[in-house]
Every structure is written in C-alpha cells, then in structure tokens.
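Peer 1: The structure's right below; bear with me while I get my questions together.
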Amino acid sequence: MGLPAGVKSPYRPDIDGLRAFAVVAVVFYHFNPSRFTGGFIGVDVFFVISGFLITGILTADIDKHRFSILKFYERPARRIFPALFFVIALTAIAAWFVLLPHDLYEFWRGVLATSFFVSNLLFASDYGYFVGSAARNPLLHTWSLAVEEQFYVAFPLLLWWITHYFPRHRIRLIWTVAVASFLYSAYLVRVEQSAAFYLAPSRAWELALGSLLALGAFPATSRRSVREGLGLVGACLLIFTLWGISEDMVFPGPAALVPCIGAALIIYAGSVGAGGTLVARALSMRPIVSVGLISYSLYLWHWPVLILYQHYAIAPDWRDRVWLLGVVFGLSYLTWRFVEQPFRGQDSPIRSRQILVYSTVATVLFTIFGGALISTAGSAWRFQPEIVRMADFLGYDDAGPTRVGKCFVTSESRGFDPAQCLALATGKPNYLLVGDSHAAHLWFGLAAVFPEVNFLQATASGCKPVINPVGVDRCTQLINDVYEDFLNKHPVDAILISVRFSNNDLAPLAAIVQALRKYAPRVVVLGPIIEYSKPLPELMAQGAMSQNSSVLAEGRKYEEVAATDKAFKTALPQYGISYISMLDTICPAAECIVVDAQNDPLQFDYGHLTARGSILVAKWWREQHLLP
C-alpha cells in the first residue's frame with residue numbers, strides 16, 4: 001500500500017482537501033467545543049499528512065544522492081517562518097492593549113518558546129490542553145508546530161542514516177520507530193496525559209504513519225472497489241471522530257489511532273491506481289481545496305483571534321463567534337496571499353540568505369521584547385494599582401491549599417501520600433473528602449473551620465468518584481485504592497463528595513452514594529459552585545477599568561448552575577442523600593458574594609476558591625449548622 005519507495009508524488013488536490021477537513025475540524029472545535037467534541041483530532045490528521053509529504057520529498061532526494069540537509073531545512077523555513085512571525089507580531093500588538101499583566105507575561109513566555117519551537121515543552125510543563133489556564137494563552141496552538149519542527153530537525157537525519165547504512169531495512173526500522181512511539185504514547189497517556197499530548201516522542205508515531213505510506217510500506221492494490229472502500233472507511237472514521245471522541249477521553253494514545261488510520265486510508269486510496277476515488281474527488285472540489293491552501297494561515301490565526309476576543313469581551317455568544325470566523329478567514333486569506341506566497345517555491349524572489357536574516361532578526365526582536373515584558377511582570381505599570389492587585393489573582397497558586405502532589409493528584413503531580421491524607425484520628429470524627437479539584441479547594445477551609453473533625457482527602461483533577469472507574473491512571477488507581485482498600489478496612493464517620501457537577505451526573509451519583517453508604521453512616525453531596533464565563537479576577541478588573549457595574553452579572557453563569565443545583569436539590573433527598581447547596585451559600589437570594597473582607601476575590605478562576613474563599617465558605621456552613 002502506498003507509493004514505491006523514493007518516488008515523489010505529483011500534486012494531489014485531495015490532500016489539500018484533507019488539510020481543509022483537518023483545519024476546519026480544529027477551528028470549529030475551538031469555536032464551539034460542545035458541538036464538535038472531537039475536532040481537536042484535526043491536528044492528528046495534519047501530523048499524518050506532514051509525515052507523508054516530507055518523507056516523499058526526502059526519499060526522492062536521498063535515493064538520487066542529491067540530499068542536502070540545508071536545502072531541506074530551507075523548505076519548511078519558507079513555509080513556516082514568515083506567516084508564523086507575522087501572526088505573532090500582530091498578535092503581540094493586540095495583546096498589549098487587551099491582556100492584563102499576568103496574561104501578557106504568560107503570552108510572552110509563549111512567544112519566546114514559539115520562536116525557538118519549544119512551545120510544546122512549555123505548555124506540557126505548565127498545564128494541560130483542555131484546562132482553563134491553557135485556554136487563556138493566544139499561542140497555545142503553536143505546540144503542534146513545535147512538534148512538527150522537531151520532527152523536521154530529527155527525521156531527515158534519521159532517514160538518511162538508515163538509508164545510507166541499512167537500505168534494505170529502511171521500512172522495518174521506521175516501523176520500529178512508529179511502534180515504539182505508539183507504545184510509549186499508550187503508556188504515557190495513562191500516567192501523564194499532558195506530556196503525552198504535547199511531546200514529540202509520544203506523537204512521532206502519527207508522523208511515522210504518514211512516512212510509512214510514502215515509503216511504500218503497505219501492499220499496493222489496483223482494484224478500484226478496494227480503493228473506493230478504503231477511502232470511504234477512512235472518511236467515516238474521520239467523521240466519526242468529530243463527535244465520537246471528546247476531551248473527556250484518554251487521548252492521544254490508542255484513541256488517536258482512529259483519526260490517524262482514517263487519514264492514512266484516504267491518503268493511501270488516492271495514492272495507488274488510476275483515477276481518483278469518490279472521497280478523493282470530493283476532497284478535490286475547488287472550494288474545499290481553497291480552504292486547504294490557506295489551512296496554515298487559518299490555523300495560525302483562528303486561536304489568537306478567538307482568545308484575544310474572549311479576553312476583551314465579557315460573555316461572547318454564538319453571534320460573536322460567527323463574525324469572528326469571518327474575520328479569521330479574511331485574515332487567513334490575506335496572510336496566505338501576501339505573506340506565505342511570496343516566500344514559497346523555487347521561483348520566489350526572496351533568497352535563502354534573506355530567509356535566514358529575516359528569521360534571525362524576528363527571533364532576536366521577540367527575545368528582546370519578551371525579556372523586557374517578562375522582567376516587568378507583563379508591564380503592570382499600564383494599569384492602576386487596584387486593577388493590578390486584582391489581576392494578580394490570575395496567577396494564584398493553589399498548590400498549597402489543595403495539597404497538590406500529596407492529597408490532590410493532577411496530571412503533572414501524581415504523588416499521593418496515604419500516611420498524610422488518609423490518617424485516621426482517635427477521639428474525633430473522621431470525614432473523607434473525595435472528588436476532583438472542586439473537592440480539593442474545600443479541604444483547606446474545612447480543616448481550618450472545623451478543628452474538631454479530622455478531614456481526610458482523596459482528590460484527583462478531572463476525576464469523578466465513580467464505582468469501577470475507567471480512564472486515566474490517576475483516577476482509576478486512586479479511586480480503587482480508596483474504595484477497595486482503605487474504606488474496606490477503615491470505615492469513616494462521613495463521606496463528602498464534590499465534583500464539577502452537571503445534570504448528567506444525577507443518576508450515577510445516586511448509585512455512587514448508595515454504594516458508599518456501607519463505608520459511612522453519612523454521605524453528603526456538596527453541590528456545584530457558581531461559575532463565570534472567564535476568571536472572576538479578570539471580570540472584576542474589567543469592571544473596574546470600564547466602571548461598568550454590570551460586568552459581573554453578565555459574566556456570571558447563574559442560570560446554568562442554578563438549573564443543576566435545583567435538579568440535585570430536588571432529586572437527592574428522595575434517595576435519602578444529604579445535600580448542601582454551594583450556590584445558596586455563595587449566592588443567597590441570587591446575589592453572589594465575590595470578595596472577602598480584604599476585598600480579594602473569593603475565586604481565582606472560573607470557579608475555584610482561594611484559600612480565604614475556602615475558609616469563608618466553611619464558616620458559612622458552620623453558621624448555618626450544615627456541617628459537621
């Protein structure tokens with residue numbers, strides 16, 4: 001299956017069409033994640049395409065003994081650098097006027113990392129792709145460019161070395177690389193999902209799959225019916241992933257096989273035999289190919305435009321997203337036409353030395369500006385001191401109050417210390433707090449306000465305390481250890497459950513509570529907390545800057561949270577389950593309390609409590625005799 005080894009394929013419009021699918025999937029996912037839950041697989045499709053195309057170019061040169069590493073590097077430099085640096089420059093100008101100090105500081109960290117194509121390393125170490133902090137950086141999407149660029153640096157040398165010394169084993173050795181990377185990804189995604197998502201070693205198999213296609217690693221077939229069938233299967237797999245995969249799944253790992261195999265089948269079906277398949281002809285239609293041609297610029301622009309607008313606006317709705325899409329497509333076409341095109345191709349009037357000079361100058365300038373803005377904490381002097389003080393909570397560190405890496409397991413800090421977190425006390429009741437981050441942020445206040453109770457803590461980010469859990473290891477291992485080992489041997493006086501609830505959690509929650517009753521005479525569900533369209537400190541800073549008292553009300557998701565709270569409040573008592581409404585605690589009579597006695601925000605992001613916020617909530621519960 002595939003091309004004969006070393007044969008460079010002619011232009012294939014269906015691959016530009018496949019690019020169009022990939023970029024539209026990513027864009028629609030980012031603009032409406034609830035409707036296109038698996039759109040992020042577009043990046044996986046890009047990786048397969050890149051591996052296929054780059055390997056075709058490399059083998060044509062290597063097999064004809066005309067390979068030059070410098071000439072090869074010039075090709076991606078012409079394709080990637082001009083548009084990337086142009087978008088970064090314009091985004092940086094807009095960011096100066098839109099972003100608060102902490103966000104500008106994080107943005108310029110991203111600029112520096114992107115300029116040296118290591119942004120995937122930065123984002124892997126800082127936060128996960130799907131969490132709130134990641135969603136605030138206008139350059140988050142450059143992680144995939146970093147992975148590709150790292151592939152471009154290493155793979156040509158590897159392929160040349162294999163071809164030079166082991167020519168008869170070239171395909172076998174690339175298979176070895178692909179399988180090793182896939183197995184590593186399958187392992188890493190279970191223990192450190194963020195690293196598995198961002199890092200090149202766990203993504204290399206996707207690019208290697210495209211490489212194997214170009215190397216002719218699969219038996220070719222000239223039967224049109226087979227090619228038509230494979231193309232249709234590939235298309236169905238890709239369409240399925242748009243809704244069949246979501247951020248709640250363990251990804252990439254084995255789940256990424258579905259979009260990657262789908263893309264590979266489409267590429268293969270169009271690579272062999274005469275005449276295009278039905279899928280290839282559909283992807284080759286002029287409007288689709290046109291989107292594919294601007295796909296790189298479209299990918300570059302869509303995220304910073306969306307994120308900067310989300311920073312600027314209070315609560316963007318679908319109408320905002322519609323016109324933003326128009327802006328994104330317009331900017332993308334102009335960038336493709338006037339920035340990408342002049343630098344590309346052998347006929348470009350811009351010489352290799354100029355590419356090197358322009359890229360070096362841009363990198364140096366970004367480094368200078370980035371160093372200056374980072375050293376001044378995001379140029380905090382642009383704002384009034386009170387606004388800066390409020391915005392500083394955007395960088396609030398909750399690791400201490402939530403006991404990250406000790407009693408709160410995250411994808412980056414997987415440590416859990418039973419001796420500290422599950423230590424039983426004599427002479428006082430033992431209450432076990434279980435759940436995700438929405439449980440972890442309560443422990444500090446509970447322990448401070450109720451010293452007569454020993455609060456045990458077993459919490460993990462993104463993990464609901466279900467019976468017989470499946471998914472990432474940090475969830476399954478902790479929950480199984482607590483339920484099957486600890487509670488079986490050490491019954492407690494009460495179990496408190498808190499997670500980021502939705503209406504869909506109501507039925508399974510009732511079953512969970514019934515199962516937990518054999519371990520504790522009292523099980524209490526702590527309801528959903530009030531949430532905001534963006535971090536509360538940012539809303540407060542925007543309200544102060546604009547002197548608009550309605551900002552908080554506009555950004556508050558009261559109706560959404562109230563609907564879930566009402567459903568739980570009505571249903572759970574019917575099962576004999578104790579329920580404490582967090583919404584009633586923080587928003588009595590629908591008027592939400594947002595600051596503490598020091599005028600600091602109670603919540604540092606969309607909904608998590610600060611340490612003092614946690615104490616206040618616990619005090620209110622004591623005053624209302626809801627606990628202990």
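Letters A, B, ... mark the chains of the structure tokens in the order given; residue numbers begin at 1 per chain; ligand numbers begin at 1, in order shown.
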Could you give me, as JSON lines, every segment 142-207 of chain A residue with an atom at most 9 Å from segment 466-489 of chain A, plus its closest atom pair and distance in Å to one decimal, counting only C-alpha atoms, rows ordered by chain then number?
Peer 2:
```
{"residue": "A:Val189", "atom": "CA", "partner": "A:Val472", "partner_atom": "CA", "distance": 7.3}
{"residue": "A:Arg190", "atom": "CA", "partner": "A:Val472", "partner_atom": "CA", "distance": 4.8}
{"residue": "A:Val191", "atom": "CA", "partner": "A:Asp473", "partner_atom": "CA", "distance": 5.7}
{"residue": "A:Glu192", "atom": "CA", "partner": "A:Arg474", "partner_atom": "CA", "distance": 8.5}
{"residue": "A:Gln193", "atom": "CA", "partner": "A:Val472", "partner_atom": "CA", "distance": 7.8}
```
Peer 1: Step one, run DSSP on the backbone; step two, keep only residues of segment 167-216 of chain A assigned to alpha helix (DSSP H); then write them as a ChimeraX atom specification.
Peer 2: /A:170-191,193-198,204-214
Peer 1: Restricting it to N, CA and C atoms, dump the selection as a tab-separated table (two decimals), in the first residue's frame.
Peer 2:
```
chain	number	residue	atom	x	y	z
A	170	ARG	N	15.06	-0.21	5.71
A	170	ARG	CA	14.53	1.14	5.96
A	170	ARG	C	13.09	1.10	6.47
A	171	ILE	N	12.24	0.39	5.78
A	171	ILE	CA	10.84	0.34	6.19
A	171	ILE	C	10.70	-0.34	7.55
A	172	ARG	N	11.46	-1.42	7.75
A	172	ARG	CA	11.37	-2.14	9.02
A	172	ARG	C	11.79	-1.24	10.19
A	173	LEU	N	12.82	-0.44	9.99
A	173	LEU	CA	13.30	0.42	11.07
A	173	LEU	C	12.33	1.57	11.35
A	174	ILE	N	11.71	2.10	10.29
A	174	ILE	CA	10.69	3.14	10.52
A	174	ILE	C	9.48	2.54	11.23
A	175	TRP	N	9.14	1.31	10.89
A	175	TRP	CA	8.09	0.61	11.63
A	175	TRP	C	8.45	0.51	13.11
A	176	THR	N	9.70	0.20	13.37
A	176	THR	CA	10.16	0.08	14.76
A	176	THR	C	9.98	1.39	15.51
A	177	VAL	N	10.35	2.50	14.85
A	177	VAL	CA	10.18	3.82	15.46
A	177	VAL	C	8.70	4.09	15.73
A	178	ALA	N	7.86	3.78	14.74
A	178	ALA	CA	6.43	4.05	14.89
A	178	ALA	C	5.82	3.23	16.03
A	179	VAL	N	6.13	1.96	16.09
A	179	VAL	CA	5.56	1.10	17.13
A	179	VAL	C	6.07	1.51	18.51
A	180	ALA	N	7.37	1.82	18.60
A	180	ALA	CA	7.93	2.24	19.89
A	180	ALA	C	7.27	3.52	20.37
A	181	SER	N	7.08	4.48	19.46
A	181	SER	CA	6.44	5.74	19.83
A	181	SER	C	4.99	5.51	20.25
A	182	PHE	N	4.29	4.64	19.52
A	182	PHE	CA	2.89	4.37	19.87
A	182	PHE	C	2.78	3.72	21.25
A	183	LEU	N	3.63	2.75	21.52
A	183	LEU	CA	3.60	2.10	22.83
A	183	LEU	C	3.93	3.09	23.95
A	184	TYR	N	4.89	3.97	23.67
A	184	TYR	CA	5.23	5.00	24.65
A	184	TYR	C	4.05	5.93	24.89
A	185	SER	N	3.37	6.31	23.81
A	185	SER	CA	2.19	7.18	23.93
A	185	SER	C	1.09	6.50	24.73
A	186	ALA	N	0.86	5.21	24.45
A	186	ALA	CA	-0.17	4.46	25.17
A	186	ALA	C	0.15	4.37	26.66
A	187	TYR	N	1.43	4.26	26.98
A	187	TYR	CA	1.83	4.24	28.40
A	187	TYR	C	1.73	5.62	29.02
A	188	LEU	N	2.30	6.63	28.35
A	188	LEU	CA	2.40	7.96	28.94
A	188	LEU	C	1.04	8.60	29.15
A	189	VAL	N	0.10	8.35	28.25
A	189	VAL	CA	-1.21	8.98	28.36
A	189	VAL	C	-1.95	8.52	29.60
A	190	ARG	N	-1.57	7.37	30.12
A	190	ARG	CA	-2.20	6.86	31.34
A	190	ARG	C	-1.61	7.47	32.60
A	191	VAL	N	-0.35	7.86	32.53
A	191	VAL	CA	0.31	8.35	33.75
A	191	VAL	C	0.54	9.85	33.73
A	193	GLN	N	-1.00	12.59	31.10
A	193	GLN	CA	-1.70	12.86	29.86
A	193	GLN	C	-1.22	14.13	29.18
A	194	SER	N	-0.91	15.15	29.96
A	194	SER	CA	-0.45	16.41	29.38
A	194	SER	C	0.83	16.21	28.58
A	195	ALA	N	1.78	15.47	29.13
A	195	ALA	CA	3.03	15.20	28.42
A	195	ALA	C	2.76	14.37	27.17
A	196	ALA	N	1.89	13.38	27.27
A	196	ALA	CA	1.57	12.55	26.11
A	196	ALA	C	0.95	13.38	25.00
A	197	PHE	N	0.18	14.39	25.37
A	197	PHE	CA	-0.49	15.22	24.37
A	197	PHE	C	0.50	16.12	23.64
A	198	TYR	N	1.45	16.70	24.36
A	198	TYR	CA	2.30	17.74	23.80
A	198	TYR	C	3.64	17.27	23.25
A	204	ALA	N	5.30	11.01	17.64
A	204	ALA	CA	6.11	10.66	16.46
A	204	ALA	C	5.47	9.56	15.63
A	205	TRP	N	4.74	8.64	16.26
A	205	TRP	CA	4.15	7.54	15.51
A	205	TRP	C	3.12	8.03	14.49
A	206	GLU	N	2.47	9.15	14.77
A	206	GLU	CA	1.49	9.69	13.83
A	206	GLU	C	2.18	10.20	12.57
A	207	LEU	N	3.30	10.89	12.75
A	207	LEU	CA	4.09	11.34	11.60
A	207	LEU	C	4.72	10.14	10.90
A	208	ALA	N	5.17	9.15	11.68
A	208	ALA	CA	5.79	7.96	11.10
A	208	ALA	C	4.79	7.16	10.27
A	209	LEU	N	3.52	7.18	10.65
A	209	LEU	CA	2.50	6.50	9.86
A	209	LEU	C	2.42	7.10	8.46
A	210	GLY	N	2.46	8.44	8.39
A	210	GLY	CA	2.50	9.08	7.08
A	210	GLY	C	3.77	8.74	6.33
A	211	SER	N	4.88	8.65	7.04
A	211	SER	CA	6.15	8.28	6.41
A	211	SER	C	6.08	6.89	5.80
A	212	LEU	N	5.49	5.95	6.51
A	212	LEU	CA	5.37	4.58	6.01
A	212	LEU	C	4.52	4.53	4.74
A	213	LEU	N	3.51	5.37	4.67
A	213	LEU	CA	2.72	5.46	3.44
A	213	LEU	C	3.60	5.88	2.27
A	214	ALA	N	4.41	6.91	2.48
A	214	ALA	CA	5.27	7.42	1.41
A	214	ALA	C	6.36	6.43	1.03
```
Peer 1: What is the distance, in Å and to one decimal place, between atom CA of Phe501 of chain A and atom CA of Phe240 of chain A?
Peer 2: 27.0 Å
Peer 1: What does the distance between atom CA of Ser271 of chain A and atom CA of Phe46 of chain A come to in Å, to one decimal place?
Peer 2: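 These atoms are spaced 17.2 Å apart.
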Peer 1: How far is it from atom CA of Val361 of chain A to atom CA of Ala89 of chain A, in Å with one decimal?
Peer 2: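 One can read the atom CA of Val361 of chain A to atom CA of Ala89 of chain A distance as 12.4 Å.
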Peer 1: Considering only C-alpha atoms, tabulate each residue of segment 73-149 of chain A that lies at most 12 Å from segment 530-551 of chain A along with its nearest interatomic pair and the corresponding distance in Å to one decimal; arrange the rows by chain and ascending residue number and present them as JSON lines.
Peer 2:
```
{"residue": "A:Val98", "atom": "CA", "partner": "A:Gln542", "partner_atom": "CA", "distance": 10.3}
{"residue": "A:Leu99", "atom": "CA", "partner": "A:Glu538", "partner_atom": "CA", "distance": 9.6}
{"residue": "A:Leu100", "atom": "CA", "partner": "A:Glu538", "partner_atom": "CA", "distance": 7.9}
{"residue": "A:Pro101", "atom": "CA", "partner": "A:Glu538", "partner_atom": "CA", "distance": 10.6}
{"residue": "A:His102", "atom": "CA", "partner": "A:Glu538", "partner_atom": "CA", "distance": 10.2}
{"residue": "A:Asp103", "atom": "CA", "partner": "A:Glu538", "partner_atom": "CA", "distance": 9.9}
{"residue": "A:Gly132", "atom": "CA", "partner": "A:Lys534", "partner_atom": "CA", "distance": 8.8}
{"residue": "A:Ser133", "atom": "CA", "partner": "A:Pro535", "partner_atom": "CA", "distance": 9.6}
{"residue": "A:Ala135", "atom": "CA", "partner": "A:Lys534", "partner_atom": "CA", "distance": 10.3}
{"residue": "A:Arg136", "atom": "CA", "partner": "A:Lys534", "partner_atom": "CA", "distance": 9.3}
```
Peer 1: Just write the chosen residues, N, CA and C atoms, as a CSV table (one decimal), in the first residue's frame.
Peer 2:
```
chain,number,residue,atom,x,y,z
A,98,VAL,N,-5.0,44.5,25.1
A,98,VAL,CA,-6.1,43.6,25.6
A,98,VAL,C,-5.8,42.9,26.9
A,99,LEU,N,-4.5,42.4,27.0
A,99,LEU,CA,-4.2,41.4,28.1
A,99,LEU,C,-3.8,42.2,29.4
A,100,LEU,N,-4.3,41.6,30.5
A,100,LEU,CA,-3.9,42.1,31.8
A,100,LEU,C,-2.4,41.6,32.1
A,101,PRO,N,-1.8,42.1,33.1
A,101,PRO,CA,-0.3,41.9,33.3
A,101,PRO,C,0.0,40.4,33.3
A,102,HIS,N,-0.7,39.6,34.1
A,102,HIS,CA,-0.3,38.2,34.2
A,102,HIS,C,-0.5,37.5,32.9
A,103,ASP,N,-1.6,37.8,32.2
A,103,ASP,CA,-1.8,37.1,30.9
A,103,ASP,C,-0.8,37.6,29.8
A,132,GLY,N,-8.5,25.4,31.9
A,132,GLY,CA,-8.7,26.8,31.8
A,132,GLY,C,-7.5,27.6,31.6
A,133,SER,N,-6.4,27.3,32.3
A,133,SER,CA,-5.2,28.1,32.1
A,133,SER,C,-4.6,28.0,30.7
A,135,ALA,N,-6.3,27.6,28.0
A,135,ALA,CA,-7.2,28.2,27.1
A,135,ALA,C,-7.1,29.7,27.1
A,136,ARG,N,-6.2,30.3,27.9
A,136,ARG,CA,-6.1,31.7,28.0
A,136,ARG,C,-4.9,32.2,27.2
```
Peer 1: Neighbouring residues of Thr55 of chain A were defined as those with any atom within 12 Å, considering only C-alpha atoms; residues of the same chain fewer than 5 positions away were excluded. Please report them as number ranges by chain.
Peer 2: A: 3, 5-9, 48-50, 60-63, 72, 151-152, 155-160, 171, 174, 207-216
Peer 1: Using only C-alpha atoms, which residues sit within 12 Å of segment 604-610 of chain A once same-chain residues fewer than 6 positions away are excluded, as a PyMOL selection string?
Peer 2: chain A and resi 131-133+135-136+390-402+436-445+499-500+528-540+552+555-558+561+582-583+586+594-596+616-618
Peer 1: Include C-alpha atoms and write out the residues we just selected as a short mmCIF file (atom, residue, chain, number, x, y, z; two decimals), in the first residue's frame.
Peer 2:
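Resulting contents of again.cif:
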```cif
data_model
loop_
_atom_site.label_atom_id
_atom_site.label_comp_id
_atom_site.auth_asym_id
_atom_site.auth_seq_id
_atom_site.Cartn_x
_atom_site.Cartn_y
_atom_site.Cartn_z
CA VAL A 131 -7.92 23.15 31.16
CA GLY A 132 -8.72 26.80 31.80
CA SER A 133 -5.18 28.13 32.15
CA ALA A 135 -7.24 28.22 27.11
CA ARG A 136 -6.06 31.73 28.02
CA MET A 390 -7.00 42.12 41.29
CA ALA A 391 -5.41 40.78 38.11
CA ASP A 392 -2.56 39.23 40.10
CA PHE A 393 -5.03 36.59 41.25
CA LEU A 394 -4.96 35.22 37.69
CA GLY A 395 -1.63 33.72 38.70
CA TYR A 396 -2.90 32.44 42.04
CA ASP A 397 -1.09 29.29 43.16
CA ASP A 398 -3.49 26.85 44.82
CA ALA A 399 -0.95 24.03 45.15
CA GLY A 400 -0.52 24.57 48.90
CA PRO A 401 -4.17 24.90 49.99
CA THR A 402 -5.29 21.97 47.81
CA ASP A 436 -11.97 16.39 41.76
CA SER A 437 -10.49 19.90 42.06
CA HIS A 438 -13.88 21.13 43.29
CA ALA A 439 -13.40 18.94 46.33
CA ALA A 440 -9.71 19.75 46.75
CA HIS A 441 -10.33 23.50 47.07
CA LEU A 442 -12.65 22.89 50.03
CA TRP A 443 -10.23 20.95 52.23
CA PHE A 444 -8.28 23.99 53.47
CA GLY A 445 -11.38 25.77 54.75
CA VAL A 499 -17.05 17.46 41.76
CA ARG A 500 -17.83 19.80 38.90
CA PRO A 528 -21.93 22.92 42.17
CA ILE A 529 -20.27 26.25 42.85
CA ILE A 530 -21.12 29.44 40.96
CA GLU A 531 -19.11 29.74 37.75
CA TYR A 532 -18.14 32.59 35.44
CA SER A 533 -17.55 32.94 31.72
CA LYS A 534 -13.94 33.84 32.46
CA PRO A 535 -11.81 34.10 35.62
CA LEU A 536 -13.52 36.18 38.30
CA PRO A 537 -10.42 38.41 38.88
CA GLU A 538 -10.40 39.30 35.18
CA LEU A 539 -14.09 40.22 35.25
CA MET A 540 -13.53 42.37 38.34
CA LEU A 552 -20.03 40.57 36.89
CA GLY A 555 -20.17 37.08 33.10
CA ARG A 556 -21.90 35.01 35.77
CA LYS A 557 -23.33 31.63 34.71
CA TYR A 558 -26.04 31.73 37.32
CA VAL A 561 -25.52 26.42 37.67
CA MET A 582 -22.89 25.69 47.32
CA LEU A 583 -24.95 28.06 45.21
CA ILE A 586 -22.25 31.91 47.94
CA VAL A 594 -17.43 37.82 45.13
CA VAL A 595 -14.87 39.24 47.60
CA ASP A 596 -13.68 38.57 51.14
CA LEU A 616 -15.34 31.73 54.25
CA VAL A 617 -17.50 29.01 52.70
CA ALA A 618 -16.72 26.66 55.59
#
```
Peer 1: Taking only C-alpha atoms into account, name the residue in A:Ile93, A:Leu278, A:Ala113, A:Leu298 that is nearest to Gly371 of chain A.
Peer 2: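 So, comparing all the options, the nearest one is A:Ala113.
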Peer 1: I want to know what sits within 7 Å of Lys406 of chain A, based on only C-alpha atoms, with residues of the same chain fewer than 4 positions away left out; could you give that as a ChimeraX atom specification?
Peer 2: /A:415-417
Peer 1: Give me the residues within 7 Å of segment 284-292 of chain A as a ChimeraX atom specification, counting only C-alpha atoms and dropping any in the same chain fewer than 2 places off.
Peer 2: /A:13-14,16-17,19-20,280-282,294-295
Peer 1: Residues at most 8 Å from Thr410 of chain A, counting only C-alpha atoms, excluding those fewer than 5 positions away in the same chain, as an MDAnalysis selection string?
Peer 2: chainID A and resid 404:405 460:461 474
Peer 1: So, counting only C-alpha atoms, which residue among A:Pro628, A:Pro349, A:Pro385, A:Pro465 is closest to Val449 of chain A?
Peer 2: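 The shortest atom-to-atom distance to Val449 of chain A comes from A:Pro628.
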Peer 1: Point out the residue among A:Ala597, A:Ala22, A:Ala448, A:Ala419 with the least atom-to-atom distance to Pro259 of chain A, counting only C-alpha atoms.
Peer 2: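 Of A:Ala597, A:Ala22, A:Ala448, A:Ala419, the one nearest Pro259 of chain A, counting only C-alpha atoms, is A:Ala22.
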